[in-house]
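Shown next: entry35.txt, containing compact mmCIF, C-alpha atoms.
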# COMPACT_ATOMS: atom_id res chain seq x y z
CA ARG S 275 -71.68 60.21 3.16
CA ASP S 276 -73.67 59.43 0.01
CA ARG S 277 -72.17 58.42 -3.27
CA VAL S 278 -72.77 61.17 -5.85
CA TYR S 279 -72.99 60.38 -9.56
CA ALA S 280 -72.55 62.86 -12.37
CA GLU S 281 -74.44 61.84 -15.54
CA LEU S 282 -75.53 63.51 -18.75
CA GLY S 283 -79.27 64.08 -19.32
CA ALA S 284 -81.17 63.82 -22.59
CA ASP S 285 -80.48 67.47 -23.37
CA GLY S 286 -76.76 67.07 -22.74
CA GLU S 287 -76.79 68.81 -19.35
CA GLN S 288 -75.11 67.25 -16.27
CA VAL S 289 -77.56 65.67 -13.80
CA ILE S 290 -76.48 64.95 -10.18
CA THR S 291 -77.94 61.88 -8.48
CA SER S 292 -77.08 60.11 -5.23
CA GLY S 293 -76.92 56.47 -4.23
CA GLY S 294 -74.87 55.13 -1.33
CA PRO S 295 -71.67 56.15 0.44
CA VAL S 296 -68.77 57.92 -1.27
CA HIS S 297 -65.50 55.96 -1.56
CA SER S 298 -62.00 57.24 -2.11
CA ALA S 299 -60.15 56.71 -5.37
CA GLY S 300 -58.80 53.18 -5.58
CA ALA S 301 -61.67 51.59 -3.68
CA VAL S 302 -62.58 48.19 -5.07
CA THR S 303 -65.61 45.95 -4.68
CA VAL S 304 -64.98 42.24 -4.24
CA ASN S 305 -67.97 39.92 -4.07
CA LEU S 306 -68.18 37.33 -1.29
CA ALA S 307 -67.33 34.41 -3.55
CA ARG S 308 -64.11 36.09 -4.70
CA GLN S 309 -63.26 37.11 -1.11
CA GLN S 310 -63.39 33.48 -0.10
CA LEU S 311 -61.30 32.49 -3.10
CA ILE S 312 -58.46 34.91 -2.32
CA GLY S 313 -58.75 34.39 1.44
CA VAL S 314 -59.81 37.87 2.55
CA GLN S 315 -59.85 38.28 6.34
CA VAL S 316 -60.51 41.44 8.32
CA SER S 317 -59.66 42.56 11.86
CA LEU S 318 -61.46 45.06 14.09
CA VAL S 319 -59.46 48.17 14.98
CA GLU S 320 -59.38 48.65 18.76
CA ILE S 321 -57.48 50.66 21.35
CA GLN S 322 -55.84 48.15 23.68
CA PRO S 323 -52.73 47.75 25.83
CA MET S 324 -49.96 45.73 24.26
CA THR S 325 -48.05 42.95 25.99
CA HIS S 326 -45.22 41.29 24.12
CA THR S 327 -42.35 38.98 24.99
CA LEU S 328 -39.21 39.94 23.12
CA ARG S 329 -37.16 36.81 22.51
CA LEU S 330 -33.45 37.16 21.85
CA TYR S 331 -30.49 34.83 21.39
CA GLY S 332 -27.58 35.55 23.70
CA LYS S 333 -24.01 34.47 24.45
CA ILE S 334 -22.38 34.15 27.87
CA ILE S 335 -19.42 36.50 28.39
CA PRO S 336 -17.25 36.78 31.54
CA ASP S 337 -17.71 40.00 33.52
CA GLU S 338 -14.79 42.12 32.32
CA THR S 339 -14.50 43.79 35.71
CA LYS S 340 -13.91 40.39 37.32
CA THR S 341 -11.45 38.91 34.84
CA TYR S 342 -7.81 38.71 35.89
CA LEU S 343 -4.57 38.09 34.01
CA VAL S 344 -1.79 36.42 36.00
CA ASN S 345 1.45 37.59 34.38
CA ALA S 346 5.16 36.93 34.76
CA SER S 347 6.35 39.92 36.76
CA VAL S 348 10.01 39.20 36.01
CA ALA S 349 11.97 36.95 33.69
CA SER S 350 11.79 33.45 35.15
CA TRP S 351 11.95 29.68 34.65
CA VAL S 352 8.94 27.48 35.45
CA ARG S 353 10.19 24.87 37.94
CA GLU S 354 6.99 23.45 39.48
CA LEU S 355 3.48 23.30 38.01
CA SER S 356 0.09 22.42 39.51
CA ASP S 357 -2.49 20.25 37.74
CA ILE S 358 -4.87 23.23 37.41
CA THR S 359 -5.80 23.53 33.74
CA THR S 360 -8.17 25.46 31.49
CA GLY S 361 -11.71 25.03 32.82
CA SER S 362 -10.62 24.22 36.39
CA ILE S 363 -12.44 25.88 39.26
CA VAL S 364 -9.97 27.49 41.66
CA GLY S 365 -10.27 29.16 45.04
CA GLN S 366 -8.52 32.36 46.03
CA ASP S 367 -4.78 32.03 46.66
CA PRO S 368 -4.16 28.37 45.62
CA LEU S 369 -0.70 27.59 44.29
CA LEU S 370 -0.66 27.55 40.49
CA ALA S 371 3.06 27.32 39.79
CA GLU S 372 6.54 28.02 41.17
CA VAL S 373 9.15 29.84 39.11
CA LEU S 374 12.85 30.51 39.52
CA ALA S 375 13.38 34.28 39.47
CA PRO S 376 16.67 35.77 40.74
CA ALA S 377 15.02 39.19 41.22
CA PHE S 378 12.51 37.59 43.59
CA TYR S 379 15.22 36.07 45.76
CA ASN S 380 17.08 39.40 45.97
CA ALA S 381 13.85 41.22 46.97
CA GLN S 382 13.24 38.71 49.77
CA VAL S 383 16.77 39.13 51.12
CA THR S 384 16.40 42.91 51.08
CA TYR S 385 13.12 42.65 53.00
CA LEU S 386 14.56 40.26 55.61
CA VAL S 387 17.63 42.45 56.12
CA ALA S 388 15.36 45.47 56.71
CA MET S 389 13.30 43.45 59.22
CA ASP S 390 16.44 42.30 61.05
CA ASN S 391 17.78 45.86 61.10
CA LEU S 392 14.59 47.16 62.73
CA ASP S 393 14.70 44.36 65.33
CA ARG S 394 18.34 45.17 66.16
CA ILE S 395 17.63 48.89 66.56
CA GLN S 396 14.67 48.29 68.86
CA LYS S 397 16.69 45.79 70.93
CA GLN S 398 19.69 48.10 71.27
CA LEU S 399 17.66 51.13 72.26
CA GLY S 400 15.30 49.30 74.60
CA GLY S 401 12.85 51.83 76.02
CA ASP S 402 14.87 54.79 74.76
CA VAL S 403 13.37 54.94 71.26
CA ARG S 404 15.05 57.35 68.90
CA HIS S 405 12.51 58.44 66.29
CA GLN S 406 15.03 59.02 63.46
CA GLN S 407 16.52 55.54 63.57
CA THR S 408 13.20 53.69 63.74
CA GLU S 409 11.72 55.84 61.01
CA LEU S 410 14.70 55.05 58.76
CA ALA S 411 14.29 51.32 59.40
CA ASP S 412 10.54 51.53 58.75
CA ASN S 413 11.19 53.28 55.44
CA GLN S 414 13.59 50.51 54.43
CA ILE S 415 10.91 47.91 55.19
CA ARG S 416 8.27 49.81 53.23
CA MET S 417 10.58 50.02 50.21
CA ALA S 418 11.34 46.30 50.47
CA VAL S 419 7.60 45.47 50.67
CA GLN S 420 6.94 47.64 47.64
CA ASN S 421 9.63 45.78 45.68
CA LEU S 422 7.97 42.47 46.57
CA GLN S 423 4.54 43.78 45.58
CA ASN S 424 5.95 44.99 42.26
CA LEU S 425 6.92 41.39 41.60
CA GLY S 426 3.32 40.29 42.12
CA ILE S 427 3.81 38.87 45.61
CA THR S 428 0.55 38.80 47.56
CA ASP S 429 0.09 40.28 51.03
CA ALA S 430 -0.40 36.77 52.40
CA GLN S 431 2.97 35.70 51.03
CA ILE S 432 4.67 38.79 52.47
CA GLU S 433 3.11 38.08 55.87
CA GLU S 434 4.33 34.48 55.69
CA LEU S 435 7.84 35.72 54.89
CA ALA S 436 7.73 38.08 57.87
CA ASN S 437 6.66 35.27 60.19
CA THR S 438 9.09 32.58 59.00
CA ARG S 439 12.02 34.92 58.24
CA LYS S 440 13.08 32.43 55.58
CA SER S 441 13.46 33.28 51.91
CA ARG S 442 12.02 30.95 49.30
CA PRO S 443 14.10 29.71 46.37
CA TYR S 444 11.11 29.86 44.03
CA MET S 445 8.49 32.55 43.52
CA GLN S 446 4.96 31.24 43.92
CA VAL S 447 2.25 32.08 41.39
CA ARG S 448 -1.19 32.11 43.03
CA SER S 449 -4.76 32.76 41.93
CA PRO S 450 -5.97 36.25 42.91
CA VAL S 451 -9.68 35.24 43.11
CA ASP S 452 -12.17 32.40 43.28
CA GLY S 453 -13.07 31.56 39.73
CA VAL S 454 -12.54 29.50 36.61
CA VAL S 455 -9.35 29.25 34.57
CA LEU S 456 -10.16 30.56 31.09
CA ASN S 457 -6.66 30.15 29.64
CA ARG S 458 -3.42 28.48 30.72
CA ASN S 459 -0.31 29.46 28.77
CA ILE S 460 2.36 27.79 30.86
CA THR S 461 4.37 24.55 30.67
CA LEU S 462 7.02 23.00 32.88
CA TYR S 463 10.58 24.37 32.42
CA GLN S 464 9.27 27.14 30.19
CA TRP S 465 11.20 30.41 30.07
CA PHE S 466 9.06 33.52 30.48
CA LYS S 467 9.86 37.12 29.80
CA ALA S 468 8.52 39.79 32.12
CA GLY S 469 4.91 40.63 31.30
CA GLU S 470 4.00 37.40 29.52
CA GLU S 471 0.72 35.78 30.54
CA PHE S 472 0.60 32.69 32.76
CA TYR S 473 -3.14 32.33 33.35
CA GLU S 474 -6.43 34.11 32.70
CA ILE S 475 -8.91 33.60 35.54
CA ALA S 476 -12.50 34.89 35.77
CA ASP S 477 -14.87 35.13 38.69
CA LEU S 478 -18.05 33.63 37.21
CA GLY S 479 -20.27 34.32 40.21
CA ARG S 480 -21.92 36.89 37.96
CA VAL S 481 -21.69 36.76 34.18
CA TRP S 482 -22.83 38.89 31.28
CA VAL S 483 -25.10 37.92 28.43
CA TYR S 484 -24.63 39.74 25.14
CA ALA S 485 -27.76 39.64 22.98
CA ASP S 486 -28.54 41.27 19.62
CA VAL S 487 -31.52 43.61 19.42
CA TYR S 488 -32.87 45.45 16.36
CA GLU S 489 -32.78 49.24 16.29
CA ASP S 490 -36.56 49.65 16.44
CA GLU S 491 -36.69 47.44 19.58
CA VAL S 492 -34.03 49.33 21.55
CA SER S 493 -36.47 52.07 22.65
CA HIS S 494 -38.48 49.49 24.61
CA LEU S 495 -35.48 48.45 26.72
CA SER S 496 -34.04 50.22 29.75
CA PRO S 497 -31.47 49.39 32.45
CA GLY S 498 -32.94 47.48 35.38
CA MET S 499 -35.66 45.67 33.40
CA GLU S 500 -36.28 42.15 34.71
CA VAL S 501 -35.66 39.40 32.15
CA LYS S 502 -35.41 35.62 31.99
CA VAL S 503 -32.34 33.77 30.73
CA ARG S 504 -32.78 30.11 29.84
CA HIS S 505 -30.10 27.55 29.02
CA GLU S 506 -31.88 24.99 26.88
CA GLN S 507 -29.40 22.12 27.34
CA THR S 508 -29.64 22.11 31.14
CA GLY S 509 -33.26 23.30 31.27
CA ARG S 510 -32.37 25.96 33.85
CA THR S 511 -33.89 29.44 33.90
CA PHE S 512 -32.19 32.40 35.59
CA ASP S 513 -33.61 35.72 36.75
CA ALA S 514 -31.56 38.57 35.33
CA GLN S 515 -31.53 42.31 34.67
CA ILE S 516 -30.70 44.47 31.71
CA SER S 517 -27.51 46.31 32.50
CA ARG S 518 -27.26 48.58 29.48
CA VAL S 519 -27.66 48.82 25.73
CA LEU S 520 -24.15 49.15 24.39
CA PRO S 521 -23.23 51.48 21.50
CA LEU S 522 -21.87 48.49 19.58
CA PHE S 523 -23.53 48.21 16.17
CA ASP S 524 -23.34 45.20 13.87
CA SER S 525 -23.57 46.62 10.35
CA VAL S 526 -24.25 43.19 8.83
CA ALA S 527 -27.05 42.06 11.15
CA LYS S 528 -28.26 45.67 11.71
CA THR S 529 -28.42 45.07 15.46
CA LEU S 530 -27.16 46.61 18.69
CA LYS S 531 -25.77 44.74 21.69
CA VAL S 532 -27.73 44.61 24.93
CA ARG S 533 -25.87 43.50 28.05
CA ILE S 534 -27.65 41.47 30.73
CA ASP S 535 -26.31 40.69 34.22
CA VAL S 536 -26.94 37.16 35.50
CA ASP S 537 -26.10 35.81 38.97
CA ASN S 538 -24.33 32.49 38.52
CA PRO S 539 -23.37 31.18 42.00
CA ARG S 540 -23.05 27.55 40.91
CA TYR S 541 -21.10 28.33 37.72
CA ASP S 542 -23.83 26.66 35.63
CA LEU S 543 -23.28 29.25 32.91
CA ARG S 544 -19.84 29.16 31.30
CA PRO S 545 -18.24 31.52 28.77
CA ASP S 546 -19.32 31.04 25.12
CA MET S 547 -22.51 29.15 26.04
CA PHE S 548 -25.62 30.24 24.12
CA VAL S 549 -28.85 31.07 25.94
CA ASP S 550 -32.39 32.22 25.18
CA VAL S 551 -33.45 35.60 26.58
CA GLU S 552 -37.07 36.58 27.23
CA ILE S 553 -37.88 40.25 27.88
CA PRO S 554 -41.52 41.06 28.79
CA ILE S 555 -42.65 44.41 27.36
CA THR S 556 -45.91 46.15 28.27
CA MET S 557 -47.10 49.18 26.27
CA ALA S 558 -49.76 51.71 27.22
CA PRO S 559 -53.18 51.39 25.47
CA SER S 560 -52.95 52.49 21.86
CA LEU S 561 -54.48 51.78 18.47
CA HIS S 562 -52.60 48.89 16.87
CA VAL S 563 -53.32 46.34 14.15
CA PRO S 564 -51.73 43.14 12.83
CA ALA S 565 -48.54 43.96 10.97
CA ASP S 566 -49.87 42.10 7.90
CA ALA S 567 -52.55 44.76 7.53
CA VAL S 568 -49.99 47.43 6.58
CA ILE S 569 -48.64 47.49 3.03
CA ASP S 570 -45.38 49.45 2.95
CA SER S 571 -44.30 50.50 -0.53
CA GLY S 572 -41.27 52.39 0.75
CA THR S 573 -42.78 55.79 0.01
CA ARG S 574 -46.08 55.35 1.81
CA LYS S 575 -47.94 52.95 4.07
CA ILE S 576 -51.56 51.99 3.47
CA VAL S 577 -54.19 49.67 4.86
CA TYR S 578 -57.41 48.53 3.22
CA VAL S 579 -60.52 49.40 5.18
CA ASP S 580 -63.67 47.31 4.90
CA THR S 581 -66.36 49.97 4.37
CA GLY S 582 -69.21 47.47 4.03
CA ASP S 583 -71.11 46.25 0.98
CA SER S 584 -68.00 44.20 -0.02
CA THR S 585 -66.01 47.35 -0.74
CA PHE S 586 -62.43 47.99 0.39
CA GLU S 587 -60.76 51.36 0.17
CA PRO S 588 -57.05 52.19 0.57
CA ARG S 589 -56.21 54.40 3.56
CA PRO S 590 -52.80 56.07 4.05
CA VAL S 591 -51.58 55.60 7.62
CA GLU S 592 -48.68 56.57 9.83
CA THR S 593 -47.14 54.02 12.16
CA GLY S 594 -45.36 54.04 15.51
CA TRP S 595 -43.83 51.10 17.34
CA ARG S 596 -43.73 47.58 15.96
CA LEU S 597 -43.55 44.57 18.27
CA GLY S 598 -43.83 41.01 17.06
CA ARG S 599 -46.77 40.84 14.66
CA ARG S 600 -48.44 44.09 15.82
CA VAL S 601 -47.84 47.64 14.64
CA GLU S 602 -49.11 50.89 16.16
CA ILE S 603 -51.20 53.23 13.98
CA THR S 604 -50.70 56.87 14.93
CA LYS S 605 -52.72 58.43 12.11
CA GLY S 606 -55.24 57.32 9.47
CA LEU S 607 -57.56 54.93 11.34
CA MET S 608 -60.29 55.17 13.95
CA GLU S 609 -61.36 52.68 16.56
CA GLY S 610 -64.21 50.47 15.33
CA GLU S 611 -63.11 50.32 11.71
CA LYS S 612 -62.14 47.04 10.07
CA VAL S 613 -58.93 46.46 8.15
CA VAL S 614 -57.94 43.67 5.78
CA VAL S 615 -55.21 41.42 7.24
CA SER S 616 -55.18 38.65 4.62
CA GLY S 617 -55.65 38.90 0.85
CA ASN S 618 -54.84 42.61 0.95
CA PHE S 619 -52.03 42.31 -1.61
CA LEU S 620 -54.46 41.00 -4.24
CA ILE S 621 -56.92 43.76 -3.35
CA ASP S 622 -54.08 46.28 -3.61
CA SER S 623 -53.21 44.94 -7.06
CA GLU S 624 -56.79 45.44 -8.28
CA SER S 625 -56.91 48.90 -6.69
CA ARG S 626 -53.75 49.97 -8.47
CA MET S 627 -55.02 48.71 -11.83
CA LYS S 628 -58.31 50.52 -11.33
CA THR S 629 -56.53 53.75 -10.40
CA ALA S 630 -54.21 53.45 -13.40
CA ALA S 631 -57.11 52.79 -15.77
CA GLY S 632 -58.99 55.80 -14.38
CA SER S 633 -56.03 58.09 -14.88
CA ILE S 634 -55.70 56.98 -18.52
CA VAL S 635 -59.37 57.71 -19.18
For the structure just supplied, provide its representation as structure tokens.
Amino acid sequence: RDRVYAELGADGEQVITSGGPVHSAGAVTVNLARQQLIGVQVSLVEIQPMTHTLRLYGKIIPDETKTYLVNASVASWVRELSDITTGSIVGQDPLLAEVLAPAFYNAQVTYLVAMDNLDRIQKQLGGDVRHQQTELADNQIRMAVQNLQNLGITDAQIEELANTRKSRPYMQVRSPVDGVVLNRNITLYQWFKAGEEFYEIADLGRVWVYADVYEDEVSHLSPGMEVKVRHEQTGRTFDAQISRVLPLFDSVAKTLKVRIDVDNPRYDLRPDMFVDVEIPITMAPSLHVPADAVIDSGTRKIVYVDTGDSTFEPRPVETGWRLGRRVEITKGLMEGEKVVVSGNFLIDSESRMKTAAGSIV
């Protein structure tokens, strides 16, 4: 378009002349010397795909579904204690402690009596099996087994009792899984009430990473995305997957929690370690510019377009996603235009003063 001037002729009538392109209100002209002084730089507007690596800071958390509390099933005294402590790696079923529990001894005796009763019935009857008697004995055994299980006795221990037919004076406390001892709350000769915690043990073969992600970044994440988890101190990098974005919001940091699953067969990653998370994100081709090009006043967003002949005009825009130092423009710009990415705040200041002066006149 041509620039149109309205001037008054000698007779006082308005005369219309033309001379160059028309610019919007607020456009300012900055000569080359001043552009260099204030550091004006421009960037070409193009439609391109966007690849970005989202870098987050994460913390190792035990998998809650594989964390086990070993409790005192009945009131008891601690009589023997292993040297397994907090941080120890344990296998499944190792002996952790032995406790004196009268209820445990009584449950063993009841079980052994039921076993002996069934043996006696079967021996007396020989081949002439009477269903009622054997069923009654079986029911007694099942009730005795249930009583033992209610005390926290493992199937392996019950099988050992059935084979040896000898009751133990002390109840054995064993680890239910292969894992790492997170907490040990037990000392020798300690008195425990029923339900109090002996140990907390976690299977760390797979762990979780909790990382903070800003609200405007959440839309780019989805379960199953492949990510990299790096532990800087050991220099190891792990392949991992996003499990889910949790509805846990930190009102201070203004972030949500993203949970990442990491296979950890060698237990290199331990609870409360900090790790770096890298999430590669690829966006479809779109029109995007450097984030520094957009001036956001809170009520509107503008960029300054280089229209040629050292003139820059403000252009209202609408934005979409923002990743790293790039922001998507959904309205207001066309491919091939040039926008100011450095020195635009000084240009904006001059534009505002010019607009204000024009409104006063």
inquiry  = Report, in Å to a single decimal, how far apart CA of Pro443 in chain S and CA of Leu374 in chain S are.
reply    = 7.0 Å
ask   = For Asp357 in chain S, which residue among S:Ala301, S:Ala430, S:Leu330, S:Ile460 is the nearest when counting all atoms listed in the file?
value = S:Ile460
Proximity check range 296-379 of chain S to range 540-547 of chain S, 6 Å, nearest pairs one decimal Å, all atoms listed in the file, as CSV:
residue,atom,partner,partner_atom,distance
S:Lys333,CA,S:Met547,CA,5.8
S:Ile334,CA,S:Pro545,CA,5.0
S:Ile335,CA,S:Pro545,CA,5.1
Please produce a file of the residues just selected, as a PDB file, in the frame of the given file, where the atoms kept are C-alpha atoms.
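part_12.pdb written:
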ATOM      1  CA  LYS S 333     -24.010  34.470  24.450  1.00  0.00           C
ATOM      2  CA  ILE S 334     -22.380  34.150  27.870  1.00  0.00           C
ATOM      3  CA  ILE S 335     -19.420  36.500  28.390  1.00  0.00           C
TER       4      ILE S 335
END
task = For each of S:Val551, S:Leu561, S:Met499, S:Val344, take the minimum atom-to-atom distance to Asn459 in chain S, counting all atoms listed in the file, then give the residue where this is smallest.
result =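 Selected residue with least distance to Asn459 in chain S: S:Val344.
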ask   = Could you state the separation of CA of Val579 in chain S and CA of Arg626 in chain S in Å, given to one decimal place?
value = 15.2 Å
Using all atoms listed in the file, which residues of range 419-443 of chain S come within 12 Å of range 464-483 of chain S, and what is the closest atom pair for each, with the distance in Å to one decimal? Give it as CSV, sorted by chain and residue number.
residue,atom,partner,partner_atom,distance
S:Asn424,CA,S:Ala468,CA,11.7
S:Leu425,CA,S:Ala468,CA,9.7
S:Gly426,CA,S:Gly469,CA,10.9
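Checking S:Ile415, S:Leu462, S:Val591, S:Val492 one by one against Val568 in chain S, counting only C-alpha atoms, you find the shortest gap at S:Val591.
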Exercise: Ile427 in chain S partners within 9 Å, all atoms listed in the file, chain neighbours under 6 positions left out, as a ChimeraX atom specification = /S:445-448
key: For CA of Glu409 in chain S and CA of Val387 in chain S, the interatomic separation in Å (one decimal)   =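 Value for the CA of Glu409 in chain S-CA of Val387 in chain S distance: 15.4 Å.
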So that I can see what lies close to Leu410 in chain S, please list as an mmCIF file with C-alpha atoms, in the coordinates of the input the residues with an atom at most 10 Å from it, counting all atoms listed in the file and leaving out residues fewer than 5 positions away in the same chain.
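File out_33.cif, as written:
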data_model
loop_
_atom_site.group_PDB
_atom_site.id
_atom_site.type_symbol
_atom_site.label_atom_id
_atom_site.label_comp_id
_atom_site.auth_asym_id
_atom_site.auth_seq_id
_atom_site.Cartn_x
_atom_site.Cartn_y
_atom_site.Cartn_z
ATOM 1 C CA ALA S 388 15.360 45.470 56.710
ATOM 2 C CA ASN S 391 17.780 45.860 61.100
ATOM 3 C CA LEU S 392 14.590 47.160 62.730
ATOM 4 C CA HIS S 405 12.510 58.440 66.290
ATOM 5 C CA ILE S 415 10.910 47.910 55.190
ATOM 6 C CA ARG S 416 8.270 49.810 53.230
#
message = List as a ChimeraX atom specification the protein and nucleic acid residues near Pro323 in chain S, meaning an atom at most 6 Å away when all atoms listed in the file are counted, but skip any in the same chain fewer than 4 places from it.
response = /S:557-559
task = Tell me which protein, DNA and RNA residues are within 12 Å of Gln322 in chain S, counting all atoms listed in the file, leaving out same-chain ones fewer than 3 positions away, and put them as a list in words.
result =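 Near neighbours after the sequence-gap exclusion: Leu318, Val319, Thr325, Thr556, Met557, Ala558, Pro559, Ser560, Leu561, His562, Val563, Arg600, Glu602, Ile603 and Glu609 of chain S.
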inquiry  = I want to know what sits within 12 Å of Ala630 in chain S, based on all atoms listed in the file, with residues of the same chain fewer than 5 positions away left out; could you give that as a ChimeraX atom specification?
reply    = /S:299-300,623-625,635
Could you write those residues out with C-alpha atoms, as a PDB file, in the frame of the given file?
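That gives us part.pdb:
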ATOM      1  CA  ALA S 299     -60.150  56.710  -5.370  1.00  0.00           C
ATOM      2  CA  GLY S 300     -58.800  53.180  -5.580  1.00  0.00           C
ATOM      3  CA  SER S 623     -53.210  44.940  -7.060  1.00  0.00           C
ATOM      4  CA  GLU S 624     -56.790  45.440  -8.280  1.00  0.00           C
ATOM      5  CA  SER S 625     -56.910  48.900  -6.690  1.00  0.00           C
ATOM      6  CA  VAL S 635     -59.370  57.710 -19.180  1.00  0.00           C
TER       7      VAL S 635
END
inquiry  = Calculated over all atoms listed in the file, which of the candidates S:Ala436, S:Ala371, S:Leu328, S:Leu355 has the smallest distance to Asp390 in chain S?
reply    =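 When distances to Asp390 in chain S are compared using all atoms listed in the file, the smallest one comes from S:Ala436.
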task = Using all atoms listed in the file, find the one residue out of S:Ser571, S:Thr384, S:Ser347, S:Gln507 that sits nearest to Asp622 in chain S.
result =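 Closest residue, counting all atoms listed in the file: S:Ser571.
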ask   = From the list S:Ala377, S:Leu607, S:Glu338, S:Thr581, which residue is nearest Arg533 in chain S when using only C-alpha atoms?
value =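 The shortest atom-to-atom distance to Arg533 in chain S comes from S:Glu338.
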Could you give me range 407-422 of chain S completed to N, CA, C and O atoms, formatted as a PDB file, keeping the file's coordinate frame?
ATOM      1  N   GLN S 407      16.017  56.864  63.929  1.00  0.00           N
ATOM      2  CA  GLN S 407      16.520  55.540  63.570  1.00  0.00           C
ATOM      3  C   GLN S 407      15.378  54.582  63.212  1.00  0.00           C
ATOM      4  O   GLN S 407      15.465  53.837  62.240  1.00  0.00           O
ATOM      5  N   THR S 408      14.324  54.591  64.036  1.00  0.00           N
ATOM      6  CA  THR S 408      13.200  53.690  63.740  1.00  0.00           C
ATOM      7  C   THR S 408      12.477  54.096  62.469  1.00  0.00           C
ATOM      8  O   THR S 408      12.014  53.241  61.702  1.00  0.00           O
ATOM      9  N   GLU S 409      12.386  55.388  62.232  1.00  0.00           N
ATOM     10  CA  GLU S 409      11.720  55.840  61.010  1.00  0.00           C
ATOM     11  C   GLU S 409      12.514  55.410  59.771  1.00  0.00           C
ATOM     12  O   GLU S 409      11.948  54.996  58.760  1.00  0.00           O
ATOM     13  N   LEU S 410      13.852  55.470  59.867  1.00  0.00           N
ATOM     14  CA  LEU S 410      14.700  55.050  58.760  1.00  0.00           C
ATOM     15  C   LEU S 410      14.526  53.553  58.496  1.00  0.00           C
ATOM     16  O   LEU S 410      14.406  53.118  57.343  1.00  0.00           O
ATOM     17  N   ALA S 411      14.482  52.768  59.561  1.00  0.00           N
ATOM     18  CA  ALA S 411      14.290  51.320  59.400  1.00  0.00           C
ATOM     19  C   ALA S 411      12.913  51.012  58.828  1.00  0.00           C
ATOM     20  O   ALA S 411      12.765  50.114  57.977  1.00  0.00           O
ATOM     21  N   ASP S 412      11.896  51.734  59.290  1.00  0.00           N
ATOM     22  CA  ASP S 412      10.540  51.530  58.750  1.00  0.00           C
ATOM     23  C   ASP S 412      10.487  51.849  57.263  1.00  0.00           C
ATOM     24  O   ASP S 412       9.826  51.148  56.481  1.00  0.00           O
ATOM     25  N   ASN S 413      11.166  52.908  56.864  1.00  0.00           N
ATOM     26  CA  ASN S 413      11.190  53.280  55.440  1.00  0.00           C
ATOM     27  C   ASN S 413      11.861  52.193  54.606  1.00  0.00           C
ATOM     28  O   ASN S 413      11.429  51.897  53.479  1.00  0.00           O
ATOM     29  N   GLN S 414      12.918  51.593  55.140  1.00  0.00           N
ATOM     30  CA  GLN S 414      13.590  50.510  54.430  1.00  0.00           C
ATOM     31  C   GLN S 414      12.648  49.303  54.242  1.00  0.00           C
ATOM     32  O   GLN S 414      12.630  48.669  53.183  1.00  0.00           O
ATOM     33  N   ILE S 415      11.858  49.026  55.280  1.00  0.00           N
ATOM     34  CA  ILE S 415      10.910  47.910  55.190  1.00  0.00           C
ATOM     35  C   ILE S 415       9.825  48.215  54.164  1.00  0.00           C
ATOM     36  O   ILE S 415       9.455  47.351  53.348  1.00  0.00           O
ATOM     37  N   ARG S 416       9.324  49.445  54.192  1.00  0.00           N
ATOM     38  CA  ARG S 416       8.270  49.810  53.230  1.00  0.00           C
ATOM     39  C   ARG S 416       8.772  49.700  51.793  1.00  0.00           C
ATOM     40  O   ARG S 416       8.057  49.232  50.900  1.00  0.00           O
ATOM     41  N   MET S 417      10.019  50.122  51.560  1.00  0.00           N
ATOM     42  CA  MET S 417      10.580  50.020  50.210  1.00  0.00           C
ATOM     43  C   MET S 417      10.756  48.559  49.804  1.00  0.00           C
ATOM     44  O   MET S 417      10.489  48.185  48.652  1.00  0.00           O
ATOM     45  N   ALA S 418      11.171  47.723  50.764  1.00  0.00           N
ATOM     46  CA  ALA S 418      11.340  46.300  50.470  1.00  0.00           C
ATOM     47  C   ALA S 418       9.999  45.639  50.167  1.00  0.00           C
ATOM     48  O   ALA S 418       9.893  44.797  49.259  1.00  0.00           O
ATOM     49  N   VAL S 419       8.948  46.017  50.923  1.00  0.00           N
ATOM     50  CA  VAL S 419       7.600  45.470  50.670  1.00  0.00           C
ATOM     51  C   VAL S 419       7.111  45.901  49.299  1.00  0.00           C
ATOM     52  O   VAL S 419       6.525  45.105  48.550  1.00  0.00           O
ATOM     53  N   GLN S 420       7.370  47.158  48.946  1.00  0.00           N
ATOM     54  CA  GLN S 420       6.940  47.640  47.640  1.00  0.00           C
ATOM     55  C   GLN S 420       7.634  46.877  46.509  1.00  0.00           C
ATOM     56  O   GLN S 420       7.017  46.558  45.489  1.00  0.00           O
ATOM     57  N   ASN S 421       8.909  46.559  46.696  1.00  0.00           N
ATOM     58  CA  ASN S 421       9.630  45.780  45.680  1.00  0.00           C
ATOM     59  C   ASN S 421       9.011  44.399  45.523  1.00  0.00           C
ATOM     60  O   ASN S 421       8.880  43.888  44.399  1.00  0.00           O
ATOM     61  N   LEU S 422       8.617  43.788  46.643  1.00  0.00           N
ATOM     62  CA  LEU S 422       7.970  42.470  46.570  1.00  0.00           C
ATOM     63  C   LEU S 422       6.620  42.568  45.873  1.00  0.00           C
ATOM     64  O   LEU S 422       6.272  41.713  45.052  1.00  0.00           O
TER      65      LEU S 422
END
